Number of protein chains: 4
Amino acid sequence: MLRLGVIGYGYWGPNVVRNFALQPDCRVTTICDGDPAARARALIQYPAAQTVTDAREVIGSPEIDAVAIVTPVSAHYELARLALEHGKHIFVEKPFTATSEQAEDLIELAEGKGLVIMVDHTFLFTGAVRKMKELIDQDVLGRLYYYDSTRVNLGLFQHDVNVVWDLAPHDLSIVDHLIGLEPERVVATGQAHLNGLEDIAHITLYFPNCVTAHINVNWLSPVKVRTTLLGGERKMLVWNDLEPTEKVKVYDRGVELEPNKEGIYNLLVSYRSGDMWAPRVQQTEALQLEARYFLDCVNSGQRPFNDGRAGLRVVRMLEAAQKSLKRGGEPVCIVSSPPGVTNAVPEVFAPLD
Amino acid sequence: MLRLGVIGYGYWGPNVVRNFALQPDCRVTTICDGDPAARARALIQYPAAQTVTDAREVIGSPEIDAVAIVTPVSAHYELARLALEHGKHIFVEKPFTATSEQAEDLIELAEGKGLVIMVDHTFLFTGAVRKMKELIDQDVLGRLYYYDSTRVNLGLFQHDVNVVWDLAPHDLSIVDHLIGLEPERVVATGQAHLNGLEDIAHITLYFPNCVTAHINVNWLSPVKVRTTLLGGERKMLVWNDLEPTEKVKVYDRGVELEPNKEGIYNLLVSYRSGDMWAPRVQQTEALQLEARYFLDCVNSGQRPFNDGRAGLRVVRMLEAAQKSLKRGGEPVCIVSSPPGVTNAVPEVFAPLD
Amino acid sequence: MLRLGVIGYGYWGPNVVRNFALQPDCRVTTICDGDPAARARALIQYPAAQTVTDAREVIGSPEIDAVAIVTPVSAHYELARLALEHGKHIFVEKPFTATSEQAEDLIELAEGKGLVIMVDHTFLFTGAVRKMKELIDQDVLGRLYYYDSTRVNLGLFQHDVNVVWDLAPHDLSIVDHLIGLEPERVVATGQAHLNGLEDIAHITLYFPNCVTAHINVNWLSPVKVRTTLLGGERKMLVWNDLEPTEKVKVYDRGVELEPNKEGIYNLLVSYRSGDMWAPRVQQTEALQLEARYFLDCVNSGQRPFNDGRAGLRVVRMLEAAQKSLKRGGEPVCIVSSPPGVTNAVPEVFAPLD
Amino acid sequence: MLRLGVIGYGYWGPNVVRNFALQPDCRVTTICDGDPAARARALIQYPAAQTVTDAREVIGSPEIDAVAIVTPVSAHYELARLALEHGKHIFVEKPFTATSEQAEDLIELAEGKGLVIMVDHTFLFTGAVRKMKELIDQDVLGRLYYYDSTRVNLGLFQHDVNVVWDLAPHDLSIVDHLIGLEPERVVATGQAHLNGLEDIAHITLYFPNCVTAHINVNWLSPVKVRTTLLGGERKMLVWNDLEPTEKVKVYDRGVELEPNKEGIYNLLVSYRSGDMWAPRVQQTEALQLEARYFLDCVNSGQRPFNDGRAGLRVVRMLEAAQKSLKRGGEPVCIVSSPPGVTNAVPEVFAPLD
């Protein structure tokens, strides 16, 4: 039985508590939030849990084995460090930390103490992303060409971070997971129209092997769009996360180069246009699978694939994007991880299907 | 009666001929194409026209008043210069020229001789773009925030230019028309996967007053998308050119900043979410209106709004985008037009409704 | 403070309890269900409520002012009658009763005792239906031509009633509300493919003044569709209930007859094709508004518009459809309500906006 | 070389001429239309053809081998009879004739003379319908449950026939082709709102083996819909003819009955929800394939599957629907064809792929 303390019961915290509380071998013992209304809501839903105001009551408690940190990113480092120092495993909201130095420090600390860090890259546990990962791993798509995501809506939910730090971590964690490499260079453009924080941004990531990723994030869109194109040599797909069921559509379409034998108006290429196929994707709530995976990792001592290093890689991309954005789009190089810090997915991950 | 010669009868030429032939005060007298099959097709459709192989037979003919140049861009300058030298008005396919120097030279020549240059920025004559222009001119949208276009499909129709020069001129001419200012800086990223020409690219243009434009062009998309978001302070709209009728949807949505009185999880902003409205857009074929407008400009001596200077502004953006692309996304400044070279729309344009 | 007992805590019951519990002047004191798992779920959510097994403990209790009957339709009459006899106001799931005789009996009983019957025609409280009602009442649509609904999905949720009794009550209650008249004749066709209950059916209702309604219900559809066309002389609309925000689209389209002056291939009519307009529809949960309305009616003694008579009219249409279905599509006449049993909407209804 | 005369050059005639003219072994020698403007348009497009005013000049000409009758249905019988009497093969617009007696008479006449009748059921030659036929023939869908089509738009193109005779022949010919049986009973409801002709109608056809077809046709819809559900025991599909490419989507979804072991709220059935698959459908213009097929049938003496008998079966369904409609929805039985008049598809049909 893992005893979990949760810090932060605002927008996302209730989902974290609910999904951990569903696991038979986990008990959410303490919920911490500075807001009395949040604590009251928590008590109604979880009368057996204790609610506290001070995060140190969670972190310092000998009755707690692991801590979920579901606060704004500015508080992550301090809370996470304290928790690790007290020997707690940690489950940290994305983005992992506000700087890559903080992430590196936490990773070192956790590794020294044999503690698990899991960063809540929830999307990696959705049926859609897992299906795309499977299609890549099984080489259905062929050599990857690009990832191009549009993640826009009307909404300025953050007052402390810009749209890049708010929305892009989703795509960056997915890109990291699907491409399996770190980008070499980042170009980010954008604009702040309202309160000094960028509300619209476009990020291009140059990966090795001519793979590119592009991420369009926007808080000022009249419509909500969650669409990603993933282009490969053999097949291409469209992931529309707003579709209720047919989220991933795989197209047997492509281009083949041919020698040009004819005149100026003729094509250099031929097009292949075959069937489209929408594989069923698992509908289980992603956070439920992730909570299960956290417990399994803690129990087995296994390092999760969405560990501190994955969190660090995403933070590094965010930092580079932020730097490029501030410099009006100047390309910013990313120093790749030292050896051993790969984002290879451990073999043992096979969440309940 | 204007006597028109048309050079190039490949993909787009037949549309140009058809729409000019529809005008009661225009006669397409000569059609030129090096390809015998193209000439044969032209003769079947227009038995009264003459077909020739050599463009000089068009340009040099005293029986011709104006020349439509519908060839690949690399041939534009030479043909256009010769035509102007022979005193012909010209209607030139987009993009206007391969370099801004060429464009400047042609403009100077035409102005000296009092000849009309019209660049075929067809989209400016679509019902959708004309409606958007009207909404901006009437200040329905309020202060402009951004233009964000996705123009992707499966198709590598060009062997001499990359996706930027092929697809982006559409958006650049629209942006030039709608925003009415020249961009200060361009950032373009992209990648060539197949034959050395970029097949995917993302262009950000920084305009004065914090207006940005972003253009996503891609020849390697499994699906065709033609969607543009246009964000304003008062209203925002979505233009989906693939919709058969409801192409432009105007949303009474927006964001208003408010002083924040409460705790860390509260919002700084309020959202306005009202009706959506899809104004009827004119369905008349754009090229038909443009052909009419060309004839009117020739007859009246009026300078068209899609004149050589408009063509030049688009070429300048293309050059900057190309330069940025080649430098891996480095921002490239655009030297704005000298005074007098504005893109103000002449008042007299009021095509048949 | 109204004290409510709820009978039935299966699929819909929890929604009823939740929405009544939200009202400040209502207390859900007792929840009744024969299934121990349902009672356990109820207790977790509403620890202050009492759970019981026998409906008579709810109906007979002097501590209870009103009873919500959320059971299969076969149990409605007996429970409702008992509740009214004990002087309780009742909120009854749709369809009101299994026969029109039962409905008439309950209406008479309630009217004799001055008790409120409200039938849970939830859709009447949705923003979309309320907007359509408003457009009709304000004569925006002009003379009504037809209502045509498609309500299909994969799902056989009922083992005791066919698809007509399961899905059609939604549309029948809406039709009754919007058209404001009783149909004269009903034709229903359909087929049972699986377990002897019709899983696909098509119902046509002939109303006075050439108004028709058509309802397509289907449990064997591969996709979920919830789309209704509403045609009027001046304007027509499409209600797509699966759209997240733009649920109702009003089209300024229509047909005008003209005298035909020309030959055999010419048209007799002209078409008007103007703007489309998607008015914002209220997003408040329908059942919440309905719960509020029930409390207001009980407090004020006002007869709700979705009263027993509305329930009766829907049951009468269901009976006629069922009879026609069993006779292979033979038209079945509906005897209209006796005078005084109109479906006029009381003026005082103005739910919180 | 087959010499074809075409009677009628209004809306559809030009398509017929164009597609026959494309065939290398066919020459359109004569085009007949009473309207001088139509004849002028024909001459511009086909300067080599002769245009005439009187259909007898086509029918009586010894220079003509076959006649395409592309007139309103009221003229079909007289023209077709005369053509057959003169020994011409005929290609007749749908619906074949105005009455089943006329159809029977023409069939008898043609069979006596060994002449080909082909009824222009164009949809049978579309990639979508051919794919659906293939899926049925290969038993991919399993036992058929139903065909349910919505074919609505704004448009009253006919002044001599109602919406049933205008739009339903498409679906009736498809249903006849796909189901391969004649219906036993027809129920049709509808209403005339404008000029005395029904502008909205709903037709149910009861086929043997519990297969049903439902057809929703409407000239007064604000939006154009062309969507058909086809339900089978193993798989179900949606055919959306307005989709540019993914017209047919096959769903691996279904229902399986299970013995019910539990309480009243439990399901009797289980649902299977697997992948969706959109097979590529051939894009070749249907009428081009059909013209080719007509020539092949004439050359080989083969009876086409869309022969006079197929035309007769559709007319019989139209007559029954019309009768039911006039009687307010009363079911009307269809006397099935005499033996030998089956709608089995001849094996030899394999149009160019």
# chains A, B, ... in the order shown; residues from 1 in each chain; ligands from 1

call {"tool": "residues_around", "arguments": {"residues": "Glu63 in chain C", "least_positions_apart": "5", "cutoff": "10 Å", "atoms": "only C-alpha atoms", "output": "PyMOL selection string"}}
result
chain C and resi 2-5+29-30+58

call {"tool": "interface_residues", "arguments": {"of": "chain B", "to": "chain D", "cutoff": "12 Å", "atoms": "only C-alpha atoms", "output": "list in words"}}
result
Leu43, Ile44, Gln45, Tyr46, Pro47, Ala48, Pro222, Val223, Lys224, Leu242, Glu243, Pro244, Thr245 and Glu246 of chain B

call {"tool": "write_last_selection", "arguments": {"atoms": "all heavy atoms", "output": "compact mmCIF listing (two decimals), in the first residue's frame"}}
result
# COMPACT_ATOMS: atom_id res chain seq x y z
N LEU B 43 -6.57 24.79 -79.49
CA LEU B 43 -7.30 24.98 -80.76
C LEU B 43 -8.69 24.37 -80.70
O LEU B 43 -9.65 24.91 -81.27
CB LEU B 43 -6.51 24.34 -81.91
CG LEU B 43 -5.58 25.30 -82.63
CD1 LEU B 43 -4.99 24.63 -83.85
CD2 LEU B 43 -6.33 26.58 -83.05
N ILE B 44 -8.81 23.20 -80.04
CA ILE B 44 -10.13 22.57 -79.92
C ILE B 44 -11.08 23.50 -79.17
O ILE B 44 -12.23 23.69 -79.54
CB ILE B 44 -10.01 21.21 -79.21
CG1 ILE B 44 -9.34 20.22 -80.17
CG2 ILE B 44 -11.37 20.70 -78.78
CD1 ILE B 44 -8.94 18.92 -79.50
N GLN B 45 -10.58 24.09 -78.09
CA GLN B 45 -11.44 24.96 -77.28
C GLN B 45 -11.65 26.32 -77.93
O GLN B 45 -12.72 26.91 -77.81
CB GLN B 45 -10.80 25.18 -75.89
CG GLN B 45 -10.83 23.96 -74.98
CD GLN B 45 -12.23 23.62 -74.52
OE1 GLN B 45 -13.02 24.50 -74.19
NE2 GLN B 45 -12.58 22.34 -74.54
N TYR B 46 -10.65 26.84 -78.61
CA TYR B 46 -10.73 28.20 -79.17
C TYR B 46 -10.32 28.17 -80.64
O TYR B 46 -9.22 28.63 -80.99
CB TYR B 46 -9.85 29.16 -78.35
CG TYR B 46 -10.21 29.12 -76.90
CD1 TYR B 46 -9.51 28.32 -76.01
CD2 TYR B 46 -11.33 29.83 -76.42
CE1 TYR B 46 -9.88 28.22 -74.68
CE2 TYR B 46 -11.70 29.74 -75.10
CZ TYR B 46 -10.97 28.94 -74.24
OH TYR B 46 -11.35 28.84 -72.93
N PRO B 47 -11.20 27.62 -81.48
CA PRO B 47 -10.81 27.47 -82.89
C PRO B 47 -10.49 28.81 -83.56
O PRO B 47 -9.70 28.84 -84.52
CB PRO B 47 -12.04 26.83 -83.54
CG PRO B 47 -13.02 26.54 -82.46
CD PRO B 47 -12.55 27.13 -81.19
N ALA B 48 -11.03 29.89 -83.01
CA ALA B 48 -10.79 31.19 -83.64
C ALA B 48 -9.43 31.78 -83.28
O ALA B 48 -8.96 32.73 -83.89
CB ALA B 48 -11.89 32.17 -83.24
N PRO B 222 -0.79 14.27 -45.62
CA PRO B 222 -1.72 13.25 -46.11
C PRO B 222 -3.10 13.82 -46.45
O PRO B 222 -3.84 13.21 -47.20
CB PRO B 222 -1.82 12.28 -44.93
CG PRO B 222 -1.44 13.08 -43.73
CD PRO B 222 -0.44 14.10 -44.21
N VAL B 223 -3.42 14.96 -45.89
CA VAL B 223 -4.73 15.56 -46.13
C VAL B 223 -4.54 16.99 -46.63
O VAL B 223 -3.52 17.62 -46.38
CB VAL B 223 -5.60 15.58 -44.85
CG1 VAL B 223 -6.04 14.18 -44.49
CG2 VAL B 223 -4.84 16.22 -43.71
N LYS B 224 -5.53 17.45 -47.35
CA LYS B 224 -5.51 18.82 -47.84
C LYS B 224 -6.15 19.72 -46.79
O LYS B 224 -7.26 19.46 -46.33
CB LYS B 224 -6.29 18.90 -49.15
CG LYS B 224 -6.24 20.26 -49.82
CD LYS B 224 -6.91 20.23 -51.18
CE LYS B 224 -6.79 21.59 -51.88
NZ LYS B 224 -7.35 21.57 -53.24
N LEU B 242 -11.92 25.13 -48.03
CA LEU B 242 -12.46 23.87 -48.55
C LEU B 242 -13.95 23.71 -48.27
O LEU B 242 -14.59 22.82 -48.82
CB LEU B 242 -11.69 22.68 -47.96
CG LEU B 242 -10.18 22.69 -48.23
CD1 LEU B 242 -9.55 21.43 -47.69
CD2 LEU B 242 -9.88 22.86 -49.71
N GLU B 243 -14.49 24.53 -47.41
CA GLU B 243 -15.94 24.51 -47.17
C GLU B 243 -16.65 24.95 -48.45
O GLU B 243 -16.29 25.98 -49.03
CB GLU B 243 -16.31 25.51 -46.07
CG GLU B 243 -16.11 25.02 -44.69
CD GLU B 243 -17.28 24.20 -44.18
OE1 GLU B 243 -18.39 24.37 -44.70
OE2 GLU B 243 -17.05 23.37 -43.29
N PRO B 244 -17.67 24.22 -48.87
CA PRO B 244 -18.31 24.65 -50.12
C PRO B 244 -19.02 26.00 -50.00
O PRO B 244 -18.93 26.82 -50.91
CB PRO B 244 -19.31 23.53 -50.41
CG PRO B 244 -19.41 22.71 -49.16
CD PRO B 244 -18.19 22.96 -48.35
N THR B 245 -19.68 26.27 -48.88
CA THR B 245 -20.38 27.55 -48.82
C THR B 245 -19.96 28.42 -47.63
O THR B 245 -19.70 29.60 -47.80
CB THR B 245 -21.91 27.35 -48.78
OG1 THR B 245 -22.22 26.47 -47.71
CG2 THR B 245 -22.41 26.75 -50.08
N GLU B 246 -19.90 27.84 -46.45
CA GLU B 246 -19.61 28.67 -45.28
C GLU B 246 -18.10 28.82 -45.10
O GLU B 246 -17.51 28.32 -44.16
CB GLU B 246 -20.25 28.04 -44.04
CG GLU B 246 -21.74 27.91 -44.17
CD GLU B 246 -22.30 26.74 -43.39
OE1 GLU B 246 -21.73 26.41 -42.34
OE2 GLU B 246 -23.30 26.15 -43.83

call {"tool": "residues_around", "arguments": {"residues": "range 183-187 of chain C", "least_positions_apart": "2", "cutoff": "8 Å", "atoms": "only C-alpha atoms", "output": "PyMOL selection string"}}
result
(chain C and resi 181+189+203-208+317+320-321+324-325+329-336) or (chain D and resi 189+329)

call {"tool": "residues_around", "arguments": {"residues": "Asp275 in chain A", "least_positions_apart": "4", "cutoff": "10 Å", "atoms": "only C-alpha atoms", "output": "PyMOL selection string"}}
result
(chain A and resi 250-253) or (chain D and resi 245-246+277-281)

call {"tool": "write_last_selection", "arguments": {"atoms": "N, CA and C atoms", "output": "PDB file, in the first residue's frame"}}
result
ATOM      1  N   VAL A 250      -4.643   6.845 -40.320  1.00  0.00           N
ATOM      2  CA  VAL A 250      -3.405   6.510 -41.013  1.00  0.00           C
ATOM      3  C   VAL A 250      -3.691   6.452 -42.502  1.00  0.00           C
ATOM      4  N   TYR A 251      -2.934   7.206 -43.263  1.00  0.00           N
ATOM      5  CA  TYR A 251      -3.145   7.281 -44.705  1.00  0.00           C
ATOM      6  C   TYR A 251      -2.050   6.547 -45.447  1.00  0.00           C
ATOM      7  N   ASP A 252      -2.482   5.683 -46.321  1.00  0.00           N
ATOM      8  CA  ASP A 252      -1.520   5.002 -47.182  1.00  0.00           C
ATOM      9  C   ASP A 252      -1.254   5.913 -48.377  1.00  0.00           C
ATOM     10  N   ARG A 253      -0.602   7.031 -48.067  1.00  0.00           N
ATOM     11  CA  ARG A 253      -0.311   8.002 -49.114  1.00  0.00           C
ATOM     12  C   ARG A 253       1.155   8.378 -49.057  1.00  0.00           C
TER      13      ARG A 253
ATOM     14  N   THR D 245     -12.554  12.482 -50.654  1.00  0.00           N
ATOM     15  CA  THR D 245     -11.837  11.230 -50.906  1.00  0.00           C
ATOM     16  C   THR D 245     -12.347  10.048 -50.070  1.00  0.00           C
ATOM     17  N   GLU D 246     -12.521  10.272 -48.779  1.00  0.00           N
ATOM     18  CA  GLU D 246     -12.904   9.131 -47.934  1.00  0.00           C
ATOM     19  C   GLU D 246     -14.420   8.950 -47.950  1.00  0.00           C
ATOM     20  N   TRP D 277     -12.114   1.805 -41.394  1.00  0.00           N
ATOM     21  CA  TRP D 277     -11.280   1.620 -42.572  1.00  0.00           C
ATOM     22  C   TRP D 277     -11.963   2.275 -43.760  1.00  0.00           C
ATOM     23  N   ALA D 278     -11.249   3.160 -44.418  1.00  0.00           N
ATOM     24  CA  ALA D 278     -11.804   3.848 -45.585  1.00  0.00           C
ATOM     25  C   ALA D 278     -11.066   3.371 -46.825  1.00  0.00           C
ATOM     26  N   PRO D 279     -11.611   2.368 -47.492  1.00  0.00           N
ATOM     27  CA  PRO D 279     -10.925   1.860 -48.672  1.00  0.00           C
ATOM     28  C   PRO D 279     -10.885   2.928 -49.754  1.00  0.00           C
ATOM     29  N   ARG D 280      -9.810   2.936 -50.509  1.00  0.00           N
ATOM     30  CA  ARG D 280      -9.740   3.838 -51.639  1.00  0.00           C
ATOM     31  C   ARG D 280     -10.844   3.478 -52.612  1.00  0.00           C
ATOM     32  N   VAL D 281     -11.576   4.467 -53.091  1.00  0.00           N
ATOM     33  CA  VAL D 281     -12.584   4.173 -54.108  1.00  0.00           C
ATOM     34  C   VAL D 281     -12.136   4.811 -55.413  1.00  0.00           C
TER      35      VAL D 281
END

call {"tool": "select_by_dssp", "arguments": {"residues": "range 95-142 of chain C", "states": "strand (DSSP E)", "output": "list in words"}}
result
Ile117, Met118, Val119 and Asp120 of chain C

call {"tool": "write_last_selection", "arguments": {"atoms": "all heavy atoms", "output": "PDB file, in the first residue's frame"}}
result
ATOM      1  N   ILE C 117     -47.160  17.563 -11.299  1.00  0.00           N
ATOM      2  CA  ILE C 117     -46.486  16.497 -12.046  1.00  0.00           C
ATOM      3  C   ILE C 117     -45.531  17.167 -13.019  1.00  0.00           C
ATOM      4  O   ILE C 117     -45.941  18.036 -13.788  1.00  0.00           O
ATOM      5  CB  ILE C 117     -47.476  15.648 -12.881  1.00  0.00           C
ATOM      6  CG1 ILE C 117     -48.488  14.945 -11.994  1.00  0.00           C
ATOM      7  CG2 ILE C 117     -46.716  14.628 -13.742  1.00  0.00           C
ATOM      8  CD1 ILE C 117     -49.529  14.134 -12.784  1.00  0.00           C
ATOM      9  N   MET C 118     -44.293  16.783 -12.973  1.00  0.00           N
ATOM     10  CA  MET C 118     -43.365  17.233 -14.019  1.00  0.00           C
ATOM     11  C   MET C 118     -42.768  15.987 -14.671  1.00  0.00           C
ATOM     12  O   MET C 118     -42.305  15.084 -13.981  1.00  0.00           O
ATOM     13  CB  MET C 118     -42.251  18.105 -13.444  1.00  0.00           C
ATOM     14  CG  MET C 118     -41.298  18.621 -14.528  1.00  0.00           C
ATOM     15  SD  MET C 118     -40.073  19.806 -13.917  1.00  0.00           S
ATOM     16  CE  MET C 118     -41.059  21.287 -13.757  1.00  0.00           C
ATOM     17  N   VAL C 119     -42.828  15.954 -16.007  1.00  0.00           N
ATOM     18  CA  VAL C 119     -42.222  14.840 -16.728  1.00  0.00           C
ATOM     19  C   VAL C 119     -40.857  15.293 -17.226  1.00  0.00           C
ATOM     20  O   VAL C 119     -40.709  16.393 -17.770  1.00  0.00           O
ATOM     21  CB  VAL C 119     -43.116  14.384 -17.895  1.00  0.00           C
ATOM     22  CG1 VAL C 119     -42.481  13.189 -18.611  1.00  0.00           C
ATOM     23  CG2 VAL C 119     -44.499  14.006 -17.380  1.00  0.00           C
ATOM     24  N   ASP C 120     -39.880  14.450 -17.018  1.00  0.00           N
ATOM     25  CA  ASP C 120     -38.494  14.846 -17.286  1.00  0.00           C
ATOM     26  C   ASP C 120     -38.204  14.855 -18.795  1.00  0.00           C
ATOM     27  O   ASP C 120     -37.456  14.018 -19.314  1.00  0.00           O
ATOM     28  CB  ASP C 120     -37.542  13.906 -16.550  1.00  0.00           C
ATOM     29  CG  ASP C 120     -36.081  14.309 -16.749  1.00  0.00           C
ATOM     30  OD1 ASP C 120     -35.838  15.442 -17.232  1.00  0.00           O
ATOM     31  OD2 ASP C 120     -35.191  13.501 -16.437  1.00  0.00           O
TER      32      ASP C 120
END

call {"tool": "atom_distance", "arguments": {"atom1": "CA of Ala49 in chain A", "atom2": "CA of Phe96 in chain A"}}
result
26.2 Å

call {"tool": "atom_distance", "arguments": {"atom1": "CA of Glu108 in chain B", "atom2": "CA of His177 in chain B"}}
result
21.8 Å

call {"tool": "residues_around", "arguments": {"residues": "range 142-151 of chain C", "least_positions_apart": "3", "cutoff": "10 Å", "atoms": "only C-alpha atoms", "output": "number ranges by chain"}}
result
C: 135-139, 167-168, 170-171, 174-175, 178-179, 202-207, 209-219, 221, 224-241; D: 150, 190-194, 200, 216, 220-221

call {"tool": "atom_distance", "arguments": {"atom1": "CA of Asn195 in chain C", "atom2": "CA of Val164 in chain C"}}
result
14.6 Å

call {"tool": "residues_around", "arguments": {"residues": "Asn15 in chain C", "least_positions_apart": "6", "cutoff": "10 Å", "atoms": "only C-alpha atoms", "output": "MDAnalysis selection string"}}
result
chainID C and resid 9 21 287:288

call {"tool": "write_last_selection", "arguments": {"atoms": "N, CA and C atoms", "output": "PDB file, in the first residue's frame"}}
result
ATOM      1  N   TYR C   9     -31.538   4.613  -8.863  1.00  0.00           N
ATOM      2  CA  TYR C   9     -30.210   5.230  -8.891  1.00  0.00           C
ATOM      3  C   TYR C   9     -29.326   4.458  -9.864  1.00  0.00           C
ATOM      4  N   ALA C  21     -29.675  18.268  -5.696  1.00  0.00           N
ATOM      5  CA  ALA C  21     -28.854  18.557  -4.518  1.00  0.00           C
ATOM      6  C   ALA C  21     -28.153  19.906  -4.638  1.00  0.00           C
ATOM      7  N   LEU C 287     -30.666  19.722 -17.012  1.00  0.00           N
ATOM      8  CA  LEU C 287     -31.338  19.135 -15.848  1.00  0.00           C
ATOM      9  C   LEU C 287     -31.266  20.064 -14.636  1.00  0.00           C
ATOM     10  N   GLN C 288     -30.255  20.880 -14.608  1.00  0.00           N
ATOM     11  CA  GLN C 288     -30.152  21.843 -13.502  1.00  0.00           C
ATOM     12  C   GLN C 288     -31.265  22.889 -13.604  1.00  0.00           C
TER      13      GLN C 288
END

call {"tool": "select_by_dssp", "arguments": {"residues": "range 101-169 of chain A", "states": "alpha helix (DSSP H)", "output": "PyMOL selection string"}}
result
chain A and resi 101-113+127-137+163-169

call {"tool": "residues_around", "arguments": {"residues": "Pro36 in chain B", "least_positions_apart": "4", "cutoff": "12 Å", "atoms": "only C-alpha atoms", "output": "list in words"}}
result
Gly263 of chain A; Gly8, Tyr9, Gly10, Ile31, Cys32, Ala40, Arg41, Ala42, Leu43, Thr51, Val52, Thr53 and Asp54 of chain B
